[in-house]
file entry_8.csv (CSV, C-alpha atoms (C1' of nucleotides))
chain,number,residue,atom,x,y,z
A,118,MET,CA,16.8,-55.6,169.8
A,119,PRO,CA,14.8,-58.0,171.8
A,120,ASP,CA,16.6,-56.8,174.9
A,121,ASP,CA,15.7,-53.2,174.1
A,122,ILE,CA,12.1,-54.2,173.5
A,123,GLY,CA,11.9,-56.0,176.9
A,124,ALA,CA,13.5,-53.1,178.7
A,125,LEU,CA,11.1,-50.7,177.1
A,126,TYR,CA,8.0,-52.6,178.2
A,127,PHE,CA,9.4,-53.2,181.6
A,128,ARG,CA,9.9,-49.5,182.1
A,129,LEU,CA,6.4,-48.8,180.7
A,130,PHE,CA,4.7,-51.2,183.1
A,131,ASN,CA,6.9,-50.0,186.0
A,132,GLU,CA,5.7,-46.4,185.3
A,133,ILE,CA,2.2,-47.5,185.1
A,134,GLY,CA,2.4,-49.3,188.4
A,135,ILE,CA,3.8,-46.3,190.1
A,136,VAL,CA,1.2,-43.9,188.7
A,137,GLU,CA,-1.5,-46.3,189.7
A,138,GLN,CA,-0.2,-46.3,193.3
A,139,LEU,CA,0.1,-42.5,193.4
A,140,SER,CA,-3.4,-42.0,191.9
A,141,ARG,CA,-5.0,-44.4,194.3
A,142,ALA,CA,-3.3,-42.6,197.3
A,143,LEU,CA,-4.4,-39.3,195.9
A,144,PHE,CA,-8.0,-40.4,195.5
A,145,GLU,CA,-8.4,-42.2,198.8
A,146,ALA,CA,-7.0,-39.2,200.7
A,147,ARG,CA,-10.0,-37.2,199.4
A,148,LEU,CA,-12.6,-39.9,200.1
A,149,PRO,CA,-14.4,-40.4,203.4
A,150,ASP,CA,-12.9,-42.8,205.8
A,151,GLY,CA,-13.3,-46.4,204.7
A,152,MET,CA,-14.2,-45.5,201.2
A,153,LEU,CA,-11.7,-46.8,198.6
A,154,THR,CA,-10.9,-46.0,195.0
A,155,SER,CA,-12.6,-49.3,194.1
A,156,HIS,CA,-15.8,-48.1,195.7
A,157,PHE,CA,-15.8,-44.8,193.8
A,158,SER,CA,-14.8,-46.5,190.6
A,159,VAL,CA,-17.8,-48.8,190.7
A,160,LEU,CA,-20.2,-46.0,191.5
A,161,ASN,CA,-18.7,-44.0,188.6
A,162,HIS,CA,-18.9,-46.9,186.3
A,163,LEU,CA,-22.6,-47.5,187.1
A,164,ILE,CA,-23.3,-44.0,186.2
A,165,ARG,CA,-21.0,-43.7,183.2
A,166,VAL,CA,-22.1,-46.9,181.6
A,167,LYS,CA,-25.4,-48.0,183.2
A,168,ASP,CA,-26.5,-49.5,186.4
A,169,GLY,CA,-28.3,-52.8,186.6
A,170,ARG,CA,-25.0,-54.5,185.9
A,171,THR,CA,-24.3,-57.9,187.5
A,172,PRO,CA,-21.3,-58.4,189.8
A,173,VAL,CA,-19.6,-60.5,187.2
A,174,GLU,CA,-19.9,-57.9,184.6
A,175,LEU,CA,-18.4,-55.3,186.9
A,176,ALA,CA,-15.6,-57.7,187.9
A,177,ARG,CA,-14.8,-58.1,184.2
A,178,ALA,CA,-15.0,-54.4,183.5
A,179,PHE,CA,-12.4,-53.7,186.2
A,180,GLN,CA,-10.4,-56.9,185.6
A,181,VAL,CA,-10.6,-58.0,189.3
A,182,ALA,CA,-11.5,-61.4,190.7
A,183,LYS,CA,-15.2,-61.9,191.2
A,184,THR,CA,-14.6,-62.5,194.9
A,185,THR,CA,-13.0,-59.0,195.0
A,186,MET,CA,-16.1,-57.5,193.4
A,187,THR,CA,-18.3,-59.3,195.9
A,188,HIS,CA,-16.3,-57.7,198.7
A,189,THR,CA,-16.4,-54.2,197.1
A,190,LEU,CA,-20.1,-54.4,196.5
A,191,SER,CA,-20.8,-55.6,200.0
A,192,GLY,CA,-19.0,-52.5,201.2
A,193,LEU,CA,-21.1,-50.3,199.0
A,194,GLU,CA,-24.3,-52.0,200.1
A,195,ALA,CA,-23.3,-51.7,203.7
A,196,ALA,CA,-22.7,-48.0,203.2
A,197,GLY,CA,-26.2,-47.8,201.6
A,198,LEU,CA,-24.9,-46.5,198.3
A,199,VAL,CA,-26.2,-49.3,196.1
A,200,ASP,CA,-29.1,-51.8,196.1
A,201,MET,CA,-28.6,-55.4,195.1
A,202,ARG,CA,-31.6,-57.1,193.7
A,203,PRO,CA,-32.1,-60.5,192.1
A,204,ASN,CA,-31.7,-60.7,188.4
A,205,GLU,CA,-35.2,-61.7,187.1
A,206,GLN,CA,-33.6,-63.1,184.0
A,207,ASP,CA,-31.1,-65.4,185.8
A,208,GLY,CA,-31.8,-67.0,189.1
A,209,ARG,CA,-28.0,-67.3,189.8
A,210,SER,CA,-27.4,-63.7,189.4
A,211,LYS,CA,-28.0,-60.3,190.9
A,212,ARG,CA,-28.1,-56.8,189.6
A,213,VAL,CA,-26.6,-53.7,191.1
A,214,TRP,CA,-28.6,-50.6,191.2
A,215,LEU,CA,-27.5,-47.1,192.2
A,216,ASN,CA,-29.8,-45.4,194.7
A,217,ALA,CA,-30.0,-41.7,195.5
A,218,ALA,CA,-27.3,-41.8,198.2
A,219,GLY,CA,-25.0,-43.5,195.8
A,220,ARG,CA,-25.5,-40.9,193.1
A,221,ALA,CA,-25.1,-38.1,195.7
A,222,PHE,CA,-21.9,-39.7,197.0
A,223,ARG,CA,-20.4,-40.0,193.6
A,224,ASP,CA,-21.3,-36.4,192.8
A,225,ASP,CA,-19.8,-35.2,196.0
A,226,ALA,CA,-16.6,-37.2,195.5
A,227,ILE,CA,-16.2,-35.7,192.0
A,228,ALA,CA,-16.7,-32.2,193.4
A,229,MET,CA,-14.1,-33.0,196.1
A,230,MET,CA,-11.7,-34.2,193.4
A,231,ALA,CA,-12.3,-31.3,191.0
A,232,PRO,CA,-9.8,-28.9,192.5
A,233,GLU,CA,-7.2,-31.6,192.6
A,234,MET,CA,-7.8,-32.4,188.9
A,235,GLN,CA,-7.7,-28.8,188.0
A,236,ASP,CA,-4.3,-28.4,189.7
A,237,LEU,CA,-3.1,-31.5,188.0
A,238,ALA,CA,-4.3,-30.3,184.6
A,239,ARG,CA,-2.1,-27.3,184.9
A,240,GLU,CA,1.0,-29.5,184.9
A,241,PHE,CA,-0.1,-32.5,183.0
A,242,THR,CA,-2.4,-31.0,180.4
A,243,PRO,CA,-5.6,-32.4,179.1
A,244,GLU,CA,-3.9,-32.5,175.7
A,245,GLN,CA,-1.3,-34.8,177.1
A,246,ALA,CA,-3.9,-37.0,178.8
A,247,ALA,CA,-5.8,-37.1,175.5
A,248,ILE,CA,-2.7,-38.3,173.8
A,249,ILE,CA,-2.0,-41.3,176.0
A,250,LEU,CA,-5.6,-42.2,176.9
A,251,PRO,CA,-6.4,-43.9,173.6
A,252,GLU,CA,-3.1,-45.7,173.6
A,253,LEU,CA,-3.7,-47.0,177.1
A,254,GLU,CA,-7.2,-48.1,176.0
A,255,ALA,CA,-5.6,-50.0,173.1
A,256,LEU,CA,-3.0,-51.6,175.4
A,257,ARG,CA,-5.7,-52.6,177.8
A,258,LYS,CA,-7.8,-54.2,175.1
A,259,ILE,CA,-4.8,-56.0,173.7
A,260,MET,CA,-3.8,-57.4,177.1
A,261,ASP,CA,-7.3,-58.3,177.9
A,262,ALA,CA,-7.8,-60.2,174.7
A,263,ARG,CA,-4.4,-61.9,175.3
A,264,ARG,CA,-5.5,-62.9,178.8
A,265,SER,CA,-8.7,-64.4,177.6
A,266,ARG,CA,-6.9,-66.3,174.8
A,267,SER,CA,-4.6,-68.2,177.2
B,294,MET,CA,-15.3,-27.8,181.1
B,295,PRO,CA,-14.3,-28.8,184.7
B,296,ASP,CA,-16.6,-31.8,184.3
B,297,ASP,CA,-15.0,-32.9,181.1
B,298,ILE,CA,-11.5,-32.5,182.6
B,299,GLY,CA,-12.5,-34.6,185.6
B,300,ALA,CA,-14.0,-37.3,183.5
B,301,LEU,CA,-10.9,-37.3,181.3
B,302,TYR,CA,-8.6,-37.9,184.2
B,303,PHE,CA,-10.9,-40.4,185.9
B,304,ARG,CA,-10.9,-42.4,182.7
B,305,LEU,CA,-7.1,-42.1,182.4
B,306,PHE,CA,-6.5,-43.4,185.9
B,307,ASN,CA,-9.1,-46.1,185.5
B,308,GLU,CA,-7.3,-47.4,182.4
B,309,ILE,CA,-4.0,-47.2,184.2
B,310,GLY,CA,-5.4,-49.2,187.0
B,311,ILE,CA,-6.7,-51.9,184.7
B,312,VAL,CA,-3.5,-52.2,182.7
B,313,GLU,CA,-1.5,-52.4,186.0
B,314,GLN,CA,-3.6,-55.4,187.1
B,315,LEU,CA,-3.3,-57.1,183.8
B,316,SER,CA,0.4,-56.6,183.6
B,317,ARG,CA,0.9,-57.8,187.1
B,318,ALA,CA,-1.1,-61.0,186.4
B,319,LEU,CA,0.8,-61.5,183.2
B,320,PHE,CA,4.2,-61.2,184.9
B,321,GLU,CA,3.4,-63.3,187.9
B,322,ALA,CA,2.1,-66.1,185.7
B,323,ARG,CA,5.6,-66.4,184.2
B,324,LEU,CA,7.5,-66.2,187.5
B,325,PRO,CA,8.2,-69.1,189.8
B,326,ASP,CA,5.8,-69.8,192.5
B,327,GLY,CA,5.9,-67.3,195.3
B,328,MET,CA,7.8,-64.8,193.3
B,329,LEU,CA,5.9,-61.6,192.7
B,330,THR,CA,6.2,-58.7,190.3
B,331,SER,CA,7.5,-56.6,193.2
B,332,HIS,CA,10.4,-59.0,193.7
B,333,PHE,CA,11.3,-58.9,190.1
B,334,SER,CA,10.9,-55.2,189.9
B,335,VAL,CA,13.3,-54.7,192.7
B,336,LEU,CA,15.9,-57.0,191.2
B,337,ASN,CA,15.6,-55.3,187.9
B,338,HIS,CA,15.9,-51.9,189.5
B,339,LEU,CA,19.1,-52.9,191.4
B,340,ILE,CA,20.6,-53.9,188.0
B,341,ARG,CA,19.2,-51.0,185.9
B,342,VAL,CA,20.1,-48.3,188.4
B,343,LYS,CA,22.7,-49.7,190.8
B,344,ASP,CA,22.7,-52.0,193.8
B,345,GLY,CA,23.8,-51.0,197.2
B,346,ARG,CA,20.6,-49.0,197.5
B,347,THR,CA,18.9,-48.7,200.9
B,348,PRO,CA,15.4,-50.0,201.6
B,349,VAL,CA,14.1,-46.5,202.0
B,350,GLU,CA,15.5,-45.5,198.6
B,351,LEU,CA,13.9,-48.5,197.0
B,352,ALA,CA,10.6,-47.7,198.7
B,353,ARG,CA,10.7,-44.2,197.3
B,354,ALA,CA,11.6,-45.4,193.9
B,355,PHE,CA,8.6,-47.6,193.7
B,356,GLN,CA,6.3,-45.4,195.7
B,357,VAL,CA,5.4,-48.1,198.2
B,358,ALA,CA,5.4,-47.9,202.0
B,359,LYS,CA,8.7,-48.7,203.6
B,360,THR,CA,7.1,-51.5,205.5
B,361,THR,CA,6.1,-53.0,202.2
B,362,MET,CA,9.7,-52.8,201.0
B,363,THR,CA,10.9,-54.5,204.2
B,364,HIS,CA,8.5,-57.3,203.4
B,365,THR,CA,9.6,-57.6,199.8
B,366,LEU,CA,13.2,-57.5,200.6
B,367,SER,CA,12.8,-60.2,203.3
B,368,GLY,CA,11.3,-62.4,200.6
B,369,LEU,CA,14.2,-61.8,198.3
B,370,GLU,CA,16.7,-62.4,201.1
B,371,ALA,CA,14.9,-65.6,202.1
B,372,ALA,CA,15.1,-66.7,198.5
B,373,GLY,CA,18.8,-66.0,198.5
B,374,LEU,CA,18.6,-63.5,195.7
B,375,VAL,CA,20.0,-60.5,197.5
B,376,ASP,CA,22.3,-59.8,200.5
B,377,MET,CA,21.5,-57.2,203.1
B,378,ARG,CA,24.5,-55.6,204.8
B,379,PRO,CA,24.8,-52.8,207.2
B,380,ASN,CA,25.4,-49.3,205.7
B,381,GLU,CA,28.8,-48.3,206.9
B,382,GLN,CA,27.9,-44.7,206.4
B,383,ASP,CA,24.7,-44.8,208.5
B,384,GLY,CA,24.2,-47.0,211.5
B,385,ARG,CA,20.4,-47.0,211.1
B,386,SER,CA,20.5,-48.2,207.6
B,387,LYS,CA,21.2,-51.2,205.4
B,388,ARG,CA,22.3,-51.7,201.9
B,389,VAL,CA,20.9,-54.2,199.4
B,390,TRP,CA,23.3,-56.1,197.2
B,391,LEU,CA,22.6,-58.4,194.4
B,392,ASN,CA,24.3,-61.7,194.5
B,393,ALA,CA,25.0,-64.2,191.6
B,394,ALA,CA,21.7,-66.0,192.2
B,395,GLY,CA,19.8,-62.7,192.1
B,396,ARG,CA,21.4,-61.7,188.8
B,397,ALA,CA,20.7,-65.1,187.3
B,398,PHE,CA,17.1,-65.1,188.5
B,399,ARG,CA,16.6,-61.7,186.9
B,400,ASP,CA,18.2,-62.8,183.6
B,401,ASP,CA,16.1,-66.0,183.6
B,402,ALA,CA,12.9,-64.1,184.3
B,403,ILE,CA,13.6,-61.7,181.4
B,404,ALA,CA,14.3,-64.6,179.1
B,405,MET,CA,11.0,-66.1,180.2
B,406,MET,CA,9.2,-62.8,179.5
B,407,ALA,CA,10.8,-62.1,176.2
B,408,PRO,CA,8.4,-64.1,174.0
B,409,GLU,CA,5.5,-62.5,175.8
B,410,MET,CA,6.9,-59.1,175.2
B,411,GLN,CA,7.6,-59.9,171.5
B,412,ASP,CA,4.1,-61.0,171.1
B,413,LEU,CA,2.8,-57.9,172.8
B,414,ALA,CA,5.1,-55.8,170.6
B,415,ARG,CA,3.3,-57.1,167.5
B,416,GLU,CA,0.0,-55.6,168.7
B,417,PHE,CA,1.1,-52.7,170.8
B,418,THR,CA,4.2,-51.5,169.0
B,419,PRO,CA,7.4,-50.1,170.5
B,420,GLU,CA,6.5,-46.9,168.8
B,421,GLN,CA,3.3,-46.6,170.7
B,422,ALA,CA,5.1,-47.5,173.9
B,423,ALA,CA,7.7,-44.9,173.1
B,424,ILE,CA,5.0,-42.3,172.7
B,425,ILE,CA,3.3,-42.8,176.0
B,426,LEU,CA,6.3,-43.7,178.2
B,427,PRO,CA,7.7,-40.2,178.4
B,428,GLU,CA,4.2,-38.8,179.1
B,429,LEU,CA,3.8,-41.4,181.9
B,430,GLU,CA,7.1,-40.5,183.4
B,431,ALA,CA,6.1,-36.8,183.3
B,432,LEU,CA,2.8,-37.7,185.0
B,433,ARG,CA,4.6,-39.8,187.6
B,434,LYS,CA,7.0,-37.0,188.4
B,435,ILE,CA,4.3,-34.4,188.7
B,436,MET,CA,2.2,-36.6,191.0
B,437,ASP,CA,5.2,-37.5,193.0
B,438,ALA,CA,6.2,-33.9,193.5
B,439,ARG,CA,2.5,-33.1,194.4
B,440,ARG,CA,2.5,-35.8,197.0
B,441,SER,CA,5.7,-34.6,198.6
B,442,ARG,CA,4.4,-31.1,198.6
B,443,SER,CA,1.3,-31.9,200.7
C,181,DC,C1',28.0,-32.8,225.6
C,182,DT,C1',23.2,-32.6,225.8
C,183,DT,C1',18.8,-32.5,224.1
C,184,DG,C1',15.0,-32.3,220.7
C,185,DA,C1',13.8,-33.5,216.2
C,186,DT,C1',14.4,-36.4,212.2
C,187,DT,C1',15.2,-40.7,209.9
C,188,DA,C1',15.9,-46.0,209.0
C,189,DG,C1',14.2,-50.1,209.8
C,190,DT,C1',10.9,-53.4,212.1
C,191,DA,C1',6.8,-55.3,214.7
C,192,DC,C1',2.1,-55.6,214.6
C,193,DG,C1',-2.6,-55.4,213.3
C,194,DA,C1',-6.0,-54.2,209.6
C,195,DT,C1',-7.7,-55.2,205.2
C,196,DA,C1',-8.1,-55.4,200.0
C,197,DT,C1',-7.3,-58.8,196.8
C,198,DC,C1',-6.7,-63.3,195.3
C,199,DG,C1',-7.3,-68.5,194.5
C,200,DT,C1',-9.8,-72.6,195.7
C,201,DA,C1',-13.8,-74.9,196.9
C,202,DC,C1',-18.6,-75.0,197.3
C,203,DT,C1',-23.8,-74.3,196.3
C,204,DA,C1',-27.4,-73.0,193.2
C,205,DT,C1',-29.0,-72.1,188.8
C,206,DA,C1',-28.8,-72.4,183.8
C,207,DT,C1',-27.9,-74.7,179.4
C,208,DG,C1',-27.4,-78.1,175.8
C,209,DG,C1',-27.5,-83.0,174.2
C,210,DG,C1',-29.3,-87.3,174.6
D,83,DC,C1',-37.0,-85.4,181.4
D,84,DC,C1',-32.0,-86.2,182.7
D,85,DC,C1',-27.6,-85.5,183.1
D,86,DA,C1',-23.1,-83.2,182.2
D,87,DT,C1',-21.1,-79.0,181.8
D,88,DA,C1',-20.8,-74.1,182.5
D,89,DT,C1',-21.7,-70.0,185.1
D,90,DA,C1',-23.0,-66.6,189.3
D,91,DG,C1',-22.2,-65.8,193.6
D,92,DT,C1',-20.2,-66.7,198.2
D,93,DA,C1',-17.2,-68.7,202.1
D,94,DC,C1',-12.9,-69.3,203.5
D,95,DG,C1',-7.9,-69.1,204.0
D,96,DA,C1',-3.6,-66.9,202.3
D,97,DT,C1',-1.0,-62.9,201.7
D,98,DA,C1',0.7,-58.3,199.9
D,99,DT,C1',0.2,-53.8,201.2
D,100,DC,C1',-0.7,-50.2,204.3
D,101,DG,C1',-0.7,-47.3,208.7
D,102,DT,C1',0.7,-46.9,213.4
D,103,DA,C1',3.9,-47.4,216.9
D,104,DC,C1',8.3,-48.5,218.5
D,105,DT,C1',13.6,-48.7,218.7
D,106,DA,C1',18.0,-47.1,217.3
D,107,DA,C1',20.9,-43.9,215.1
D,108,DT,C1',21.8,-39.4,213.2
D,109,DC,C1',21.7,-34.5,213.1
D,110,DA,C1',21.2,-29.7,214.5
D,111,DA,C1',21.3,-26.2,217.9
D,112,DG,C1',22.7,-24.5,222.0

call {"tool": "encode", "arguments": {"input": "entry_8.csv", "output": "structure tokens"}}
result
Amino acid sequence: MPDDIGALYFRLFNEIGIVEQLSRALFEARLPDGMLTSHFSVLNHLIRVKDGRTPVELARAFQVAKTTMTHTLSGLEAAGLVDMRPNEQDGRSKRVWLNAAGRAFRDDAIAMMAPEMQDLAREFTPEQAAIILPELEALRKIMDARRSRS
Amino acid sequence: MPDDIGALYFRLFNEIGIVEQLSRALFEARLPDGMLTSHFSVLNHLIRVKDGRTPVELARAFQVAKTTMTHTLSGLEAAGLVDMRPNEQDGRSKRVWLNAAGRAFRDDAIAMMAPEMQDLAREFTPEQAAIILPELEALRKIMDARRSRS
DNA sequence: CTTGATTAGTACGATATCGTACTATATGGG
DNA sequence: CCCATATAGTACGATATCGTACTAATCAAG
């Protein structure tokens, strides 16, 4: 039994790893040169959730090292898509604000992706996505909590 | 509707990306220093499927660039866990063979992971895993086919 | 057999991500 | 107020992964 359980989860994480690579390649092929999935994801998060987040909050949301988020944000700032301003409530911290260019970029990117997503939806249906999404969220939360614990 | 579909798939791929990072960190924390998830995954694949695979076959199986697989295999070879021998059927190619140390390493690694997997299984049940695994496989195959097509 | 196109593997440079170390600020206890 | 600890962000080096370019071998067509 333990063997079977291990094998099951290894296969699960293996599939997840492969899908992650495929989706990243798919996204980045549609983004302008130099723009990465990480950039788009941050912009999207700032709209979906709320801008004015701090770099550390963003790093936690995406489960990347804070140095990685610094790097990603510097790219977004250099591209003129976000504005970094000091956090008035904490002198150590900054807040990340979307500007008009950032919002436009995100909207354009989504428009670019839309046909791709529509195609995908014909083979991997929204119903299928809706089945696994909550399970993946649950798995993410469990693993996140486990990580924090240790 | 298109907006909803796009948002659904963005969230899906976002969750997949986060789980991938969390699982990689989880695995690598349990592996000996210098050993990565990619190394373990290749060893595991050589046992699960069959050894004697070529580097290109492995690269395709994991959806990584062939240069990446060359790098991973050179690490495994340097660690003495696999043997690379010429492919008698194709002078351009090599075949990757597990040796005793590689099998032992893989078995040890699985033994190391087992408690972690057992713990995880208490919160994210094998039934849940069994629900999403076939869907993820389907998604992987669809995206893989789509990639090859273009 | 020859030649052009394809494929396997590698060398090399670019870079995204990570971990460590550092500075600056904040916070809590005396 | 001071000091110890914790946290936010960055600098820096290491490296895993990728893309491009190259060599060698195979294959297909004539």

call {"tool": "closest_atom_pairs", "arguments": {"input": "entry_8.csv", "of": "chain C", "to": "chain A", "cutoff": "10 Å", "atoms": "only C-alpha atoms (C1' of nucleotides)", "output": "Markdown table"}}
result
| residue | atom | partner | partner_atom | distance |
| --- | --- | --- | --- | --- |
| C:DA196 | C1' | A:Thr185 | CA | 7.9 |
| C:DT197 | C1' | A:Thr185 | CA | 6.0 |
| C:DC198 | C1' | A:Ala182 | CA | 6.9 |
| C:DG199 | C1' | A:Ala182 | CA | 9.1 |
| C:DA204 | C1' | A:Arg209 | CA | 6.7 |
| C:DT205 | C1' | A:Arg209 | CA | 5.0 |
| C:DA206 | C1' | A:Asp207 | CA | 7.6 |

call {"tool": "atom_distance", "arguments": {"input": "entry_8.csv", "atom1": "CA of Ala397 (chain B)", "atom2": "CA of Pro348 (chain B)"}}
result
21.5 Å

call {"tool": "residues_around", "arguments": {"input": "entry_8.csv", "residues": "region 215-217 of chain A", "least_positions_apart": "2", "cutoff": "12 Å", "atoms": "all atoms listed in the file", "output": "MDAnalysis selection string"}}
result
chainID A and resid 159:170 190 193:194 196:202 212:213 219:224

call {"tool": "residues_near_point", "arguments": {"input": "entry_8.csv", "point": "(23.8, -32.1, 224.9)", "cutoff": "12 Å", "atoms": "only C-alpha atoms (C1' of nucleotides)", "output": "list of chain:residue names"}}
result
C:DC181, C:DT182, C:DT183, C:DG184, D:DA110, D:DA111, D:DG112

call {"tool": "closest_residue", "arguments": {"input": "entry_8.csv", "among": "A:Lys211, A:Tyr126, A:Val136, A:Ala247", "to": "chain D", "atoms": "only C-alpha atoms (C1' of nucleotides)"}}
result
A:Lys211

call {"tool": "residues_around", "arguments": {"input": "entry_8.csv", "residues": "region 190-194 of chain C", "least_positions_apart": "2", "cutoff": "9 Å", "atoms": "all atoms listed in the file", "output": "NGL selection string"}}
result
(:B and (360 or 363)) or (:D and (100-105))

call {"tool": "interface_residues", "arguments": {"input": "entry_8.csv", "of": "chain B", "to": "chain A", "cutoff": "6 Å", "atoms": "all atoms listed in the file", "output": "ChimeraX atom specification"}}
result
/B:305,310,312-313,425-426,433

call {"tool": "interface_residues", "arguments": {"input": "entry_8.csv", "of": "chain D", "to": "chain A", "cutoff": "8 Å", "atoms": "all atoms listed in the file", "output": "list in words"}}
result
DA90, DG91 and DT92 of chain D

call {"tool": "atom_distance", "arguments": {"input": "entry_8.csv", "atom1": "CA of Gly192 (chain A)", "atom2": "C1' of DT195 (chain C)"}}
result
12.3 Å

call {"tool": "atom_distance", "arguments": {"input": "entry_8.csv", "atom1": "CA of Asp150 (chain A)", "atom2": "C1' of DA96 (chain D)"}}
result
26.1 Å

call {"tool": "closest_residue", "arguments": {"input": "entry_8.csv", "among": "A:Glu205, A:Glu174, A:Glu244, A:Glu145", "to": "Ala226 (chain A)", "atoms": "all atoms listed in the file"}}
result
A:Glu145

call {"tool": "build_atoms", "arguments": {"input": "entry_8.csv", "residues": "region 371-385 of chain B", "atoms": "N, CA and C atoms", "output": "PDB file, in the coordinates of the input"}}
result
ATOM      1  N   ALA B 371      15.206 -64.222 201.774  1.00  0.00           N
ATOM      2  CA  ALA B 371      14.900 -65.600 202.100  1.00  0.00           C
ATOM      3  C   ALA B 371      15.104 -66.514 200.886  1.00  0.00           C
ATOM      4  N   ALA B 372      14.847 -65.964 199.704  1.00  0.00           N
ATOM      5  CA  ALA B 372      15.100 -66.700 198.500  1.00  0.00           C
ATOM      6  C   ALA B 372      16.514 -66.744 198.059  1.00  0.00           C
ATOM      7  N   GLY B 373      17.348 -66.044 198.804  1.00  0.00           N
ATOM      8  CA  GLY B 373      18.800 -66.000 198.500  1.00  0.00           C
ATOM      9  C   GLY B 373      19.161 -65.253 197.283  1.00  0.00           C
ATOM     10  N   LEU B 374      18.354 -64.242 196.940  1.00  0.00           N
ATOM     11  CA  LEU B 374      18.600 -63.500 195.700  1.00  0.00           C
ATOM     12  C   LEU B 374      19.312 -62.160 195.964  1.00  0.00           C
ATOM     13  N   VAL B 375      19.250 -61.688 197.192  1.00  0.00           N
ATOM     14  CA  VAL B 375      20.000 -60.500 197.500  1.00  0.00           C
ATOM     15  C   VAL B 375      20.650 -60.666 198.890  1.00  0.00           C
ATOM     16  N   ASP B 376      21.649 -59.835 199.150  1.00  0.00           N
ATOM     17  CA  ASP B 376      22.300 -59.800 200.500  1.00  0.00           C
ATOM     18  C   ASP B 376      22.091 -58.453 201.078  1.00  0.00           C
ATOM     19  N   MET B 377      21.690 -58.447 202.333  1.00  0.00           N
ATOM     20  CA  MET B 377      21.500 -57.200 203.100  1.00  0.00           C
ATOM     21  C   MET B 377      22.693 -57.040 203.988  1.00  0.00           C
ATOM     22  N   ARG B 378      23.367 -55.900 203.861  1.00  0.00           N
ATOM     23  CA  ARG B 378      24.500 -55.600 204.800  1.00  0.00           C
ATOM     24  C   ARG B 378      24.337 -54.280 205.366  1.00  0.00           C
ATOM     25  N   PRO B 379      24.925 -54.092 206.533  1.00  0.00           N
ATOM     26  CA  PRO B 379      24.800 -52.800 207.200  1.00  0.00           C
ATOM     27  C   PRO B 379      25.403 -51.689 206.308  1.00  0.00           C
ATOM     28  N   ASN B 380      24.866 -50.504 206.428  1.00  0.00           N
ATOM     29  CA  ASN B 380      25.400 -49.300 205.700  1.00  0.00           C
ATOM     30  C   ASN B 380      26.461 -48.710 206.582  1.00  0.00           C
ATOM     31  N   GLU B 381      27.693 -48.771 206.097  1.00  0.00           N
ATOM     32  CA  GLU B 381      28.800 -48.300 206.900  1.00  0.00           C
ATOM     33  C   GLU B 381      28.690 -46.785 207.162  1.00  0.00           C
ATOM     34  N   GLN B 382      27.965 -46.114 206.294  1.00  0.00           N
ATOM     35  CA  GLN B 382      27.900 -44.700 206.400  1.00  0.00           C
ATOM     36  C   GLN B 382      26.703 -44.213 207.294  1.00  0.00           C
ATOM     37  N   ASP B 383      25.876 -45.166 207.717  1.00  0.00           N
ATOM     38  CA  ASP B 383      24.700 -44.800 208.500  1.00  0.00           C
ATOM     39  C   ASP B 383      24.270 -45.993 209.340  1.00  0.00           C
ATOM     40  N   GLY B 384      24.488 -45.897 210.610  1.00  0.00           N
ATOM     41  CA  GLY B 384      24.200 -47.000 211.500  1.00  0.00           C
ATOM     42  C   GLY B 384      22.775 -47.456 211.558  1.00  0.00           C
ATOM     43  N   ARG B 385      21.862 -46.584 211.119  1.00  0.00           N
ATOM     44  CA  ARG B 385      20.400 -47.000 211.100  1.00  0.00           C
ATOM     45  C   ARG B 385      20.065 -47.805 209.951  1.00  0.00           C
TER      46      ARG B 385
END
